[in-house]
Structures are given as structure tokens and as C-alpha cells.
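Just my_file-v9.cif here, mmCIF, C-alpha atoms:
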```
data_final
#
loop_
_atom_site.label_atom_id
_atom_site.label_comp_id
_atom_site.auth_asym_id
_atom_site.auth_seq_id
_atom_site.Cartn_x
_atom_site.Cartn_y
_atom_site.Cartn_z
CA MET P 1 38.92 285.98 2.80
CA ASN P 2 39.81 282.44 1.75
CA HIS P 3 38.73 281.12 -1.64
CA LEU P 4 35.05 280.28 -1.85
CA SER P 5 34.13 276.62 -2.05
CA GLU P 6 32.22 275.34 -5.06
CA GLU P 7 29.25 274.69 -2.77
CA GLU P 8 29.26 278.29 -1.56
CA LEU P 9 29.35 279.50 -5.16
CA VAL P 10 26.43 277.25 -6.13
CA LEU P 11 24.38 278.56 -3.21
CA HIS P 12 25.34 282.11 -4.17
CA CYS P 13 24.14 281.43 -7.73
CA TYR P 14 20.72 280.52 -6.33
CA GLY P 15 20.61 283.33 -3.78
CA GLU P 16 20.72 280.84 -0.92
CA ALA P 17 24.08 281.85 0.53
CA GLY P 18 22.76 284.26 3.15
CA ASP P 19 24.64 287.56 3.08
CA ALA P 20 25.62 288.03 -0.57
CA ALA P 21 27.70 291.18 -0.12
CA PRO P 22 30.95 289.56 1.11
CA VAL P 23 30.71 286.93 -1.65
CA ASP P 24 30.21 289.61 -4.31
CA GLN P 25 33.10 291.57 -2.89
CA HIS P 26 35.35 288.50 -2.96
CA LEU P 27 34.35 287.70 -6.52
CA LYS P 28 35.37 291.21 -7.56
CA GLU P 29 38.80 290.73 -6.06
CA CYS P 30 39.55 287.05 -6.75
CA GLU P 31 40.08 285.99 -10.34
CA SER P 32 40.23 282.29 -9.48
CA CYS P 33 36.81 282.26 -7.74
CA ARG P 34 35.39 284.51 -10.45
CA SER P 35 36.44 281.99 -13.06
CA VAL P 36 34.76 279.08 -11.21
CA TYR P 37 31.63 281.18 -10.73
CA ALA P 38 31.52 282.08 -14.43
CA SER P 39 31.88 278.40 -15.27
CA LEU P 40 28.92 277.56 -13.01
CA GLN P 41 26.80 280.23 -14.67
CA ARG P 42 27.73 278.98 -18.14
CA THR P 43 26.76 275.46 -17.15
CA LEU P 44 23.40 276.54 -15.76
CA ASN P 45 22.73 278.59 -18.89
CA VAL P 46 23.35 275.50 -20.99
CA VAL P 47 21.12 273.36 -18.74
CA ASP P 48 18.32 275.87 -19.38
CA GLY P 49 18.35 274.45 -22.89
CA MET P 50 17.14 271.07 -21.71
CA PRO P 51 14.40 270.28 -24.22
CA VAL P 52 10.88 269.78 -22.93
CA PRO P 53 8.18 268.72 -25.38
CA GLU P 54 5.54 271.43 -25.55
CA ARG P 55 1.96 270.66 -24.65
CA GLY P 56 -0.82 272.73 -26.18
CA ALA P 57 -3.44 274.81 -24.45
CA ASP P 58 -5.90 271.92 -24.71
CA TYR P 59 -3.58 269.52 -22.89
CA GLY P 60 -5.52 269.81 -19.60
CA ASP P 61 -8.68 268.90 -21.46
CA LEU P 62 -7.00 265.84 -23.00
CA VAL P 63 -5.75 264.71 -19.59
CA TRP P 64 -9.26 265.14 -18.24
CA GLN P 65 -10.69 262.96 -21.03
CA ARG P 66 -8.25 260.24 -20.01
CA ILE P 67 -9.00 260.28 -16.30
CA ALA P 68 -12.66 261.36 -16.26
CA SER P 69 -13.94 257.80 -16.20
CA PHE P 70 -12.04 257.22 -12.93
CA VAL P 71 -13.59 260.28 -11.28
CA PRO P 72 -17.08 259.42 -10.06
CA ARG P 73 -19.60 262.06 -11.08
CA ARG P 74 -22.01 263.00 -8.38
CA SER P 75 -24.86 265.22 -9.44
CA ARG P 76 -24.14 267.83 -6.80
CA ARG P 77 -27.30 269.51 -5.65
CA PHE P 78 -28.94 268.79 -8.98
CA LEU P 79 -31.96 267.10 -7.51
CA THR P 80 -32.23 269.40 -4.52
CA SER P 81 -31.46 272.80 -6.00
CA PRO P 82 -34.55 274.66 -7.22
CA TRP P 83 -32.22 276.75 -9.39
CA ARG P 84 -31.18 273.69 -11.34
CA TRP P 85 -34.76 272.69 -11.93
CA ALA P 86 -35.55 276.24 -12.95
CA ALA P 87 -32.59 276.29 -15.30
CA ALA P 88 -33.46 272.96 -16.84
CA GLY P 89 -37.03 274.14 -17.21
CA ALA P 90 -35.89 277.36 -18.85
CA ALA P 91 -33.72 275.47 -21.30
CA PHE P 92 -36.51 273.08 -22.15
CA ALA P 93 -38.95 275.96 -22.56
CA THR P 94 -36.47 277.69 -24.88
CA LEU P 95 -36.34 274.59 -27.03
CA LEU P 96 -40.13 274.25 -27.06
CA VAL P 97 -40.62 277.89 -28.06
CA ALA P 98 -38.00 277.52 -30.72
CA ALA P 99 -39.71 274.37 -31.99
CA PHE P 100 -43.06 276.11 -32.06
CA LEU P 101 -41.69 279.07 -34.00
CA LEU P 102 -39.91 276.76 -36.32
CA GLY P 103 -43.14 274.92 -37.05
CA ARG P 104 -44.87 278.19 -37.94
CA TRP P 105 -42.08 279.46 -40.15
CA ASN P 106 -41.40 276.24 -41.93
CA PRO P 107 -43.51 276.15 -45.13
CA ARG P 108 -43.31 272.38 -45.43
CA PRO P 109 -46.14 270.29 -43.97
CA PRO P 110 -45.51 268.99 -40.49
CA VAL P 111 -43.90 265.59 -40.42
CA THR P 112 -43.78 263.28 -37.45
CA MET P 113 -40.39 263.56 -35.72
CA GLN P 114 -39.51 266.35 -38.09
CA LEU P 115 -37.30 268.02 -35.48
CA THR P 116 -35.05 265.05 -35.22
CA ALA P 117 -35.26 263.96 -38.83
CA ASP P 118 -34.53 267.23 -40.62
CA PRO P 119 -30.94 268.40 -40.04
CA GLU P 120 -31.69 271.88 -41.34
CA ALA P 121 -34.57 272.30 -38.94
CA GLN P 122 -32.41 271.05 -36.10
CA GLN P 123 -29.75 273.54 -37.06
CA ARG P 124 -32.21 276.45 -36.98
CA LEU P 125 -33.64 275.31 -33.70
CA LEU P 126 -30.20 275.25 -32.19
CA THR P 127 -29.34 278.62 -33.72
CA LEU P 128 -32.37 280.31 -32.16
CA ALA P 129 -31.77 278.80 -28.75
CA VAL P 130 -28.05 279.59 -28.79
CA ALA P 131 -28.61 283.19 -29.86
CA ASP P 132 -30.93 283.72 -26.90
CA TYR P 133 -28.53 281.95 -24.56
CA LEU P 134 -25.55 284.00 -25.71
CA SER P 135 -27.42 287.25 -25.10
CA ARG P 136 -28.20 286.26 -21.52
CA SER P 137 -24.60 285.12 -20.90
CA GLN P 138 -23.29 288.35 -22.31
CA VAL P 139 -25.44 290.40 -19.93
CA VAL P 140 -24.01 288.59 -16.87
CA LEU P 141 -20.41 288.88 -18.04
CA VAL P 142 -20.78 292.57 -18.90
CA GLU P 143 -22.27 293.23 -15.46
CA LEU P 144 -19.29 291.55 -13.84
CA ALA P 145 -16.82 293.35 -16.08
CA ASN P 146 -18.37 296.70 -15.17
CA ALA P 147 -18.92 296.05 -11.46
CA ASN P 148 -17.91 298.82 -9.10
CA THR P 149 -14.59 297.98 -7.39
CA ASN P 150 -14.28 300.56 -4.64
CA GLY P 151 -14.35 297.74 -2.10
CA ALA P 152 -15.31 294.08 -1.80
CA VAL P 153 -18.00 293.00 -4.24
CA ASP P 154 -20.68 290.40 -3.59
CA ILE P 155 -21.05 288.42 -6.81
CA SER P 156 -23.38 285.73 -5.43
CA PRO P 157 -26.39 286.96 -7.49
CA GLU P 158 -24.31 286.66 -10.65
CA GLN P 159 -23.05 283.23 -9.50
CA ASP P 160 -26.64 282.02 -9.18
CA ARG P 161 -27.32 283.11 -12.75
CA VAL P 162 -24.05 281.59 -13.90
CA GLU P 163 -25.05 278.27 -12.37
CA ASN P 164 -28.20 278.29 -14.47
CA LEU P 165 -26.29 279.31 -17.57
CA LEU P 166 -23.90 276.39 -17.04
CA THR P 167 -26.75 273.90 -17.09
CA GLU P 168 -27.97 275.31 -20.40
CA ASN P 169 -24.48 275.57 -21.81
CA ARG P 170 -23.90 271.83 -21.54
CA LEU P 171 -27.17 271.10 -23.28
CA TYR P 172 -26.44 273.42 -26.19
CA ARG P 173 -22.80 272.42 -26.49
CA GLN P 174 -23.67 268.74 -26.68
CA SER P 175 -26.33 269.49 -29.30
CA ALA P 176 -23.86 271.55 -31.33
CA MET P 177 -21.26 268.78 -31.18
CA HIS P 178 -23.86 266.19 -32.12
CA MET P 179 -24.86 268.27 -35.14
CA GLY P 180 -21.26 268.90 -36.15
CA ASP P 181 -21.39 272.66 -35.57
CA ALA P 182 -17.82 273.04 -34.38
CA ALA P 183 -17.86 276.86 -34.29
CA ILE P 184 -20.75 277.03 -31.82
CA ALA P 185 -19.40 274.13 -29.77
CA ALA P 186 -15.95 275.75 -29.47
CA VAL P 187 -17.27 279.09 -28.21
CA LEU P 188 -19.67 277.37 -25.82
CA ASP P 189 -16.76 275.32 -24.53
CA ASP P 190 -14.71 278.49 -23.90
CA LEU P 191 -17.71 280.12 -22.29
CA GLU P 192 -18.25 277.10 -20.03
CA ARG P 193 -14.71 277.39 -18.66
CA VAL P 194 -15.18 281.06 -17.87
CA LEU P 195 -18.56 280.42 -16.26
CA LEU P 196 -17.07 277.59 -14.19
CA GLU P 197 -14.33 279.89 -12.93
CA ILE P 198 -16.93 282.46 -11.89
CA GLU P 199 -19.15 279.85 -10.29
CA HIS P 200 -16.24 278.50 -8.26
CA ALA P 201 -14.87 281.88 -7.20
CA PRO P 202 -15.50 283.12 -3.65
CA SER P 203 -18.83 284.97 -3.48
CA ARG P 204 -17.18 288.10 -2.07
CA LEU P 205 -14.29 289.37 -4.17
CA SER P 206 -11.84 292.05 -3.11
CA ALA P 207 -11.06 294.89 -5.48
CA VAL P 208 -7.84 293.09 -6.47
CA GLN P 209 -9.71 289.85 -7.18
CA MET P 210 -12.29 291.74 -9.23
CA ASP P 211 -9.48 293.31 -11.25
CA GLU P 212 -8.03 289.84 -11.77
CA LEU P 213 -11.42 288.54 -12.90
CA ARG P 214 -11.79 291.45 -15.32
CA ARG P 215 -8.26 290.89 -16.62
CA GLN P 216 -9.06 287.22 -17.17
CA LEU P 217 -12.29 288.06 -19.02
CA HIS P 218 -10.32 290.45 -21.17
CA GLU P 219 -7.49 287.98 -21.83
CA ASP P 220 -9.88 285.16 -22.70
CA GLY P 221 -11.59 287.52 -25.13
CA ILE P 222 -14.80 285.68 -24.27
CA LEU P 223 -17.05 288.73 -24.63
CA PHE P 224 -15.66 289.38 -28.08
CA LYS P 225 -16.12 285.71 -29.08
CA ILE P 226 -19.72 285.77 -27.81
CA ARG P 227 -20.53 288.94 -29.76
CA VAL P 228 -19.05 287.51 -32.94
CA LEU P 229 -20.87 284.20 -32.59
CA ASP P 230 -24.13 285.89 -31.59
CA SER P 231 -23.96 288.08 -34.67
CA THR P 232 -23.00 285.10 -36.85
CA VAL P 233 -25.84 282.84 -35.71
CA ARG P 234 -28.43 285.63 -36.05
CA THR P 235 -27.22 286.49 -39.55
CA ARG P 236 -27.20 282.82 -40.48
CA ASP P 237 -30.78 282.43 -39.29
CA GLU P 238 -31.99 285.55 -41.11
CA HIS P 239 -30.52 284.22 -44.35
CA LYS P 240 -32.27 280.90 -43.87
CA LEU P 241 -35.60 282.63 -43.28
CA MET D 1 -7.28 282.67 -12.02
CA GLU D 2 -5.28 281.32 -9.11
CA PHE D 3 -7.33 283.06 -6.44
CA ALA D 4 -10.11 280.60 -7.15
CA ASP D 5 -8.02 277.46 -6.44
CA GLN D 6 -9.20 277.22 -2.85
CA ALA D 7 -12.86 277.57 -3.75
CA VAL D 8 -12.54 275.05 -6.58
CA VAL D 9 -10.81 272.55 -4.29
CA ALA D 10 -13.63 272.93 -1.77
CA ARG D 11 -16.16 272.12 -4.50
CA ALA D 12 -14.11 269.18 -5.72
CA ARG D 13 -13.94 267.82 -2.17
CA SER D 14 -17.71 267.82 -2.00
CA GLY D 15 -17.75 265.52 -5.03
CA ASP D 16 -18.14 268.06 -7.82
CA ALA D 17 -16.37 266.40 -10.76
CA GLU D 18 -16.59 269.56 -12.87
CA ALA D 19 -14.66 271.46 -10.21
CA PHE D 20 -11.95 268.81 -10.27
CA ARG D 21 -11.88 269.15 -14.04
CA VAL D 22 -11.02 272.84 -13.62
CA LEU D 23 -8.07 271.87 -11.42
CA VAL D 24 -6.92 269.27 -13.94
CA GLU D 25 -7.05 271.81 -16.77
CA ARG D 26 -5.23 274.39 -14.69
CA HIS D 27 -2.33 272.25 -13.46
CA SER D 28 -1.71 269.58 -16.13
CA ARG D 29 0.83 271.50 -18.23
CA GLY D 30 2.94 272.50 -15.22
CA LEU D 31 2.86 268.94 -13.95
CA PHE D 32 3.95 267.63 -17.33
CA ARG D 33 6.96 269.98 -17.47
CA LEU D 34 8.01 268.96 -13.95
CA ALA D 35 7.50 265.26 -14.68
CA PHE D 36 9.41 265.38 -17.97
CA ARG D 37 12.35 267.20 -16.44
CA MET D 38 12.47 264.63 -13.67
CA THR D 39 12.01 261.46 -15.69
CA GLY D 40 13.48 262.65 -19.01
CA ASN D 41 10.94 260.50 -20.79
CA GLU D 42 7.72 261.62 -22.45
CA SER D 43 5.58 258.56 -21.79
CA ASP D 44 6.75 258.36 -18.17
CA ALA D 45 5.88 262.03 -17.80
CA GLU D 46 2.39 261.42 -19.16
CA ASP D 47 2.01 258.56 -16.71
CA VAL D 48 3.14 260.78 -13.82
CA VAL D 49 0.63 263.50 -14.75
CA GLN D 50 -2.23 261.05 -14.93
CA GLU D 51 -1.36 259.13 -11.77
CA THR D 52 -0.71 262.34 -9.82
CA LEU D 53 -4.14 263.72 -10.62
CA LEU D 54 -5.89 260.46 -9.79
CA ARG D 55 -4.00 260.18 -6.50
CA ALA D 56 -4.85 263.79 -5.75
CA TYR D 57 -8.52 263.10 -6.36
CA ARG D 58 -8.48 260.08 -4.09
CA GLN D 59 -6.62 261.99 -1.35
CA LEU D 60 -8.54 265.28 -1.59
CA SER D 61 -10.02 264.72 1.86
CA LYS D 62 -6.50 264.75 3.32
CA PHE D 63 -5.52 268.03 1.69
CA ASP D 64 -5.09 270.91 4.14
CA GLU D 65 -7.03 273.75 2.53
CA ARG D 66 -4.75 276.36 4.05
CA ALA D 67 -1.86 274.99 1.98
CA SER D 68 -1.19 275.67 -1.70
CA PHE D 69 -2.95 273.13 -3.88
CA GLY D 70 -0.24 273.48 -6.54
CA THR D 71 2.56 272.65 -4.09
CA TRP D 72 0.57 269.69 -2.78
CA LEU D 73 0.12 268.39 -6.33
CA TYR D 74 3.85 268.85 -7.02
CA ARG D 75 4.64 266.83 -3.92
CA ILE D 76 2.48 263.94 -5.12
CA ALA D 77 4.00 264.20 -8.61
CA THR D 78 7.55 264.29 -7.26
CA ASN D 79 7.02 261.23 -5.08
CA TYR D 80 5.51 259.25 -7.90
CA ALA D 81 8.14 260.39 -10.41
CA LEU D 82 10.85 259.33 -7.93
CA ASP D 83 9.29 255.86 -7.81
CA VAL D 84 9.27 255.73 -11.61
CA MET D 85 12.89 256.91 -11.82
CA ARG D 86 14.04 254.37 -9.28
CA SER D 87 12.25 251.57 -11.06
CA HIS D 88 13.96 252.61 -14.30
CA ALA D 89 17.33 253.10 -12.67
CA ARG D 90 18.88 250.18 -14.51
CA ARG D 91 17.66 251.01 -17.95
CA ARG D 92 18.41 254.41 -19.28
CA GLU D 93 15.93 255.57 -21.88
CA GLN D 94 16.65 258.27 -24.38
CA PRO D 95 13.77 260.66 -24.99
CA PRO D 96 12.53 260.65 -28.57
CA PRO D 97 14.16 263.28 -30.80
CA LEU D 98 12.25 266.51 -30.67
CA ASP D 99 10.88 268.42 -33.58
CA THR D 100 13.21 271.38 -33.89
CA ALA D 101 10.39 273.62 -35.03
CA ALA D 102 8.45 272.84 -31.87
CA ASP D 103 11.44 273.39 -29.59
CA PRO D 104 10.55 276.45 -27.52
CA LEU D 105 14.21 277.05 -26.78
CA LEU D 106 15.02 277.50 -30.44
CA SER D 107 11.83 279.18 -31.53
CA ALA D 108 11.03 281.50 -28.64
CA PRO D 109 12.90 284.79 -28.44
CA SER D 110 15.05 284.93 -25.33
CA ALA D 111 15.19 287.91 -23.04
CA ASP D 112 18.81 287.00 -22.42
CA PRO D 113 20.42 286.39 -25.78
CA THR D 114 23.69 285.03 -24.42
CA PRO D 115 25.98 283.30 -26.88
CA ASP D 116 25.41 280.06 -24.93
CA ARG D 117 21.73 280.04 -25.74
CA LEU D 118 22.17 281.11 -29.32
CA ALA D 119 24.83 278.50 -30.01
CA LEU D 120 22.90 275.58 -28.53
CA SER D 121 23.02 272.79 -31.01
CA ALA D 122 21.36 269.41 -31.13
CA GLU D 123 24.61 267.95 -29.81
CA VAL D 124 24.60 270.23 -26.80
CA ARG D 125 21.00 269.36 -26.04
CA ASP D 126 21.86 265.67 -26.23
CA ARG D 127 24.73 266.24 -23.83
CA VAL D 128 22.44 268.09 -21.43
CA THR D 129 20.01 265.16 -21.54
CA GLU D 130 22.84 262.68 -20.94
CA ALA D 131 24.27 264.75 -18.09
CA MET D 132 20.86 264.97 -16.44
CA ASP D 133 20.49 261.20 -16.81
CA GLU D 134 23.74 260.74 -14.89
CA LEU D 135 22.29 262.38 -11.77
CA SER D 136 20.84 260.23 -9.02
CA ALA D 137 17.06 260.40 -8.59
CA ALA D 138 17.38 262.60 -5.48
CA GLU D 139 19.94 264.91 -7.10
CA ARG D 140 17.89 265.32 -10.25
CA THR D 141 14.69 265.96 -8.33
CA ALA D 142 16.27 268.51 -6.00
CA PHE D 143 17.93 270.27 -8.94
CA VAL D 144 14.75 270.36 -11.05
CA LEU D 145 12.70 271.75 -8.17
CA ARG D 146 15.31 274.42 -7.38
CA HIS D 147 16.53 275.34 -10.83
CA PHE D 148 13.47 274.97 -13.06
CA GLU D 149 10.63 275.39 -10.59
CA GLY D 150 12.39 278.09 -8.56
CA MET D 151 11.56 276.51 -5.20
CA GLY D 152 13.52 277.50 -2.10
CA ILE D 153 15.64 274.95 -0.23
CA GLU D 154 13.02 274.66 2.53
CA ASP D 155 10.28 273.74 0.03
CA VAL D 156 12.56 271.31 -1.78
CA SER D 157 13.42 269.56 1.48
CA ARG D 158 9.72 269.42 2.45
CA ILE D 159 8.81 267.80 -0.86
CA LEU D 160 11.71 265.36 -0.69
CA GLY D 161 11.01 264.61 2.96
CA CYS D 162 14.59 265.34 4.04
CA GLN D 163 16.52 267.94 6.04
CA PRO D 164 17.29 271.27 4.30
CA SER D 165 21.01 270.48 4.59
CA ALA D 166 20.47 267.22 2.66
CA ALA D 167 18.44 269.02 -0.02
CA LYS D 168 21.15 271.66 -0.30
CA HIS D 169 23.78 268.96 -0.69
CA SER D 170 21.76 267.18 -3.40
CA ILE D 171 21.47 270.42 -5.36
CA PHE D 172 25.18 271.08 -4.97
CA ARG D 173 26.10 267.56 -6.09
CA ALA D 174 23.82 267.90 -9.12
CA VAL D 175 25.32 271.22 -10.20
CA GLN D 176 28.82 269.89 -9.61
CA LYS D 177 28.19 266.84 -11.84
CA LEU D 178 26.53 268.94 -14.51
CA ARG D 179 29.44 271.36 -14.49
CA ARG D 180 31.98 268.56 -14.92
CA ALA D 181 29.97 267.17 -17.84
CA LEU D 182 28.96 270.37 -19.56
CA ASP D 183 31.53 273.06 -18.87
CA PRO D 184 33.84 272.06 -21.75
CA LEU D 185 30.87 272.37 -24.11
CA ALA D 186 29.61 275.55 -22.50
CA SER D 187 33.06 277.10 -22.88
CA THR D 188 33.18 276.28 -26.60
CA ALA D 189 29.70 277.62 -27.10
CA ARG D 190 30.67 281.01 -25.66
#
```
Show the structure stored in the file as C-alpha cells.
Amino acid sequence: MNHLSEEELVLHCYGEAGDAAPVDQHLKECESCRSVYASLQRTLNVVDGMPVPERGADYGDLVWQRIASFVPRRSRRFLTSPWRWAAAGAAFATLLVAAFLLGRWNPRPPVTMQLTADPEAQQRLLTLAVADYLSRSQVVLVELANANTNGAVDISPEQDRVENLLTENRLYRQSAMHMGDAAIAAVLDDLERVLLEIEHAPSRLSAVQMDELRRQLHEDGILFKIRVLDSTVRTRDEHKL
Amino acid sequence: MEFADQAVVARARSGDAEAFRVLVERHSRGLFRLAFRMTGNESDAEDVVQETLLRAYRQLSKFDERASFGTWLYRIATNYALDVMRSHARRREQPPPLDTAADPLLSAPSADPTPDRLALSAEVRDRVTEAMDELSAAERTAFVLRHFEGMGIEDVSRILGCQPSAAKHSIFRAVQKLRRALDPLASTAR
């Protein structure tokens, strides 16, 4: 066999040379070609060191903030979906109930616009609503995590509930951010991503896809975060009472 | 959760901005790495990421849902980055010096602790950057797609819009130039 050309050696490096056996055999026998091949490998090893500035896990979110204003937001199905109305109604009802309870528990005399004027009251209102919301989210995620995977699984009932939870999530997250409660806002943000993934998944998942979903839930640690936050907000509220 | 890409794209095509947000969050980091390796410049790379995603949004109706959304995005990014590189062809820009502590090469443990990697110094990294800057836009793009992104020749040629033989030749020319520039250093680093 004649000496290998540099081009053949480059293609061999990348596994694009077709039948690799004759090339390997030649490299074993030919010191000259072996030396060129080693030089190519050294070079490519060095090139692997080309520095690339790292971007953090929140980079996608930052990019989105930059381009979001160029992406027109259409309220998809919001006005036509009864689920959305039901979800919005449920969220509003949660807030009303929380406000009512707050009024009964609060020893101070009622003040006009008290809910918006008293930061502590606002905080407790949010805490109550979020605790209830987290419990319901947890139930859906646990059901998905424990779903039977002997065959394809229809997750459309869970997706309907997730759609409702997403509507509430945005409301609570915005309130938390507005009130400077970063801990609640951060977990709700993580939860929103997970819920979005579930909402956008196909409604029938194969066993493999279900395993992937479970793995993702596990890797995100979202159930753990929810339990911790749920426990924290309930404890915080008990102390305030 | 890659299995959901298709479903998310379908939602985004129907005008669901939140679905498109999921795609942005999923693909931005990969796009940035590709763009930086092609342009060698951080602000150009940021520009490529942003423009790619906006172009993708505007062209979503043209996307063939049977294809890979990631590959389609990479094609848009590559084309735009090539435009940027060609427009900068006359002025070579050095990337800003990197924080050593944030350099994944130096901080991350390598599965292959060859002497080359361990001995990489700031000087070697500068030389790698310079050598990459000496490649033509087509050579650099073909090399980045093959070497860093692990794409096959067929995919590289599809993205570059050329014959596989031309893509193969661009990769070969790139490796040849890099070897001429870097082998003396690589040999000393052994």
C-alpha cells in the first residue's frame, strides 16, 4: 500500500474514510504515516482547547427577555377555552377566599384597600394561595411520576389540569415578584417550565417517553423544591398567626 | 426533554409565544457555542443567537415538521454567522481575554487527561484562536460543524449548501492549516 495522503488521514481521524481496516493496518506498518497521523491527532487535541465563554443555565431566559418584544403574543384559546375561564375563576376564587380568611384572622379593624396597602397582609394572602396551589401541582406531578408504564400512556387528563395550573402559576409568580418574594418566585418559575414541558408533550407517551419524563422530573428536583417551599410557606404562615 | 420538540414547534406555529419561549430556552446555549466558534467574537455570537431565533420565529411556517428543529436552527445560525464573518473579513477582531477561572477547559476534569490538554497555556489558546482566524469562512464553518458539533459530511454539506466533496475538502483544508500552525506547539506541549 502506498503512503496515505494527508486528506485520507484527516478523513480517517473523523471516521469518514469508509473501510478503516486497511488504513489501520497501514498505520501499524508505516512509521512515516503513523507520525503524520499522530501529528494530526495532537493538533486536534490542541484545537479542543479553543476557549468558549460559558453561558449560565439562565442564558435561554435572558435571550428570551431580549427578543420577547419582537414575538407577538397571541392569547391562544384564552377567550375560547372553558378551561382557561375555569382556571382564572379558580385562581380568583382562591384569592377571594384567602382575602376573606385574612379579614377574619386579622385583629386590626378593616381598612379600605387594606389588601393592597398592607404588605404583611399581602404576603399572607399570597402565602395561603401559593400553599394551596403547590399542593395541587404536587398531586399532578406525583401522578405522572407514578403512572403505569407497561405501554403507551394517555396523559391528556393531566395536561388539562396542567394547563389550568399554568394560568394560576403566572398570576402567583407575578405577585411574588411584585412583592419581592424571590424564593417563591424562583420555585414557581421552575415549576412553570416543567408544567410547560408537560403541556407541550404529545398526549400519548410511549413507555420510553414516560421514563424520560420521569427522569426529567427527577433531575429537575421539582417535587423536592415544591415540598420544601410548601412546608416553608405553611410554617411561615403559622408563625404569623 | 427533546421528544417534546415537535409538539412545542407545533404550538409555536399556531402563535403560542410561550411555546416558542421553551424552544428559545432549550436551544440558546448550543447556538451560542456554535456561533462563538464560528465568529470567534462574543458580541457577534450574541447577535447570531438573537437573529437566528427571530428569523426562526418568522420562518416557522416554512419549517418541515418531519425534520429536526435543532438542525434547522443550526442551518439558520450558520448562514447568518457566515454573513457576519464575511462582512468582518477585513478586520480581524480578537475575542476579549477570558477569565481563567471560568474557562471550562481549565476547570473541568477531562476524561482524557492527555499531556496536550494539561499543558495548555494562555499562549497556546491564543495561538488556537489565531489559527482559527486564519481559516476562510467556509473552512472554519465546515470544521466547526464537523469537529465540535460532530456532524457528518452529508449534514455539513446540506447546511453549507454545497456538494459533500466540497464540504470534505473544506474540512481537510481547515485541518491542514491548523496542523501547520499548531503542530510545533502541540509537539512541545506533549
Written as a PyMOL selection string, what is the full residue list that the PyMOL selection byres ((chain P) within 9 of (chain D)) yields on the file shown?
chain P and resi 6-8+10-11+14+16+39-40+42-64+66-68+70-76+193+196-202+209+212-213+216
What separates atom CA of Val156 of chain D and atom CA of Thr141 of chain D is a distance of 8.7 Å
Separating atom CA of Thr52 of chain D from atom CA of Arg140 of chain D, to the nearest tenth of an Å, is a gap of 18.8 Å
Practice problem: Record the distance separating atom CA of Glu143 of chain P and atom CA of Val130 of chain P, expressed in Å with one decimal. | Solution: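 Here the two named atoms are 19.9 Å from each other.
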Next item on the list: Fewer than 3 positions away in the same chain doesn't count, so skip those; otherwise give me all residues within 12 Å of His218 of chain P, counting all atoms listed in the file, as a ChimeraX atom specification.
Entry: /P:141-142,144-146,194,211-215,221-225
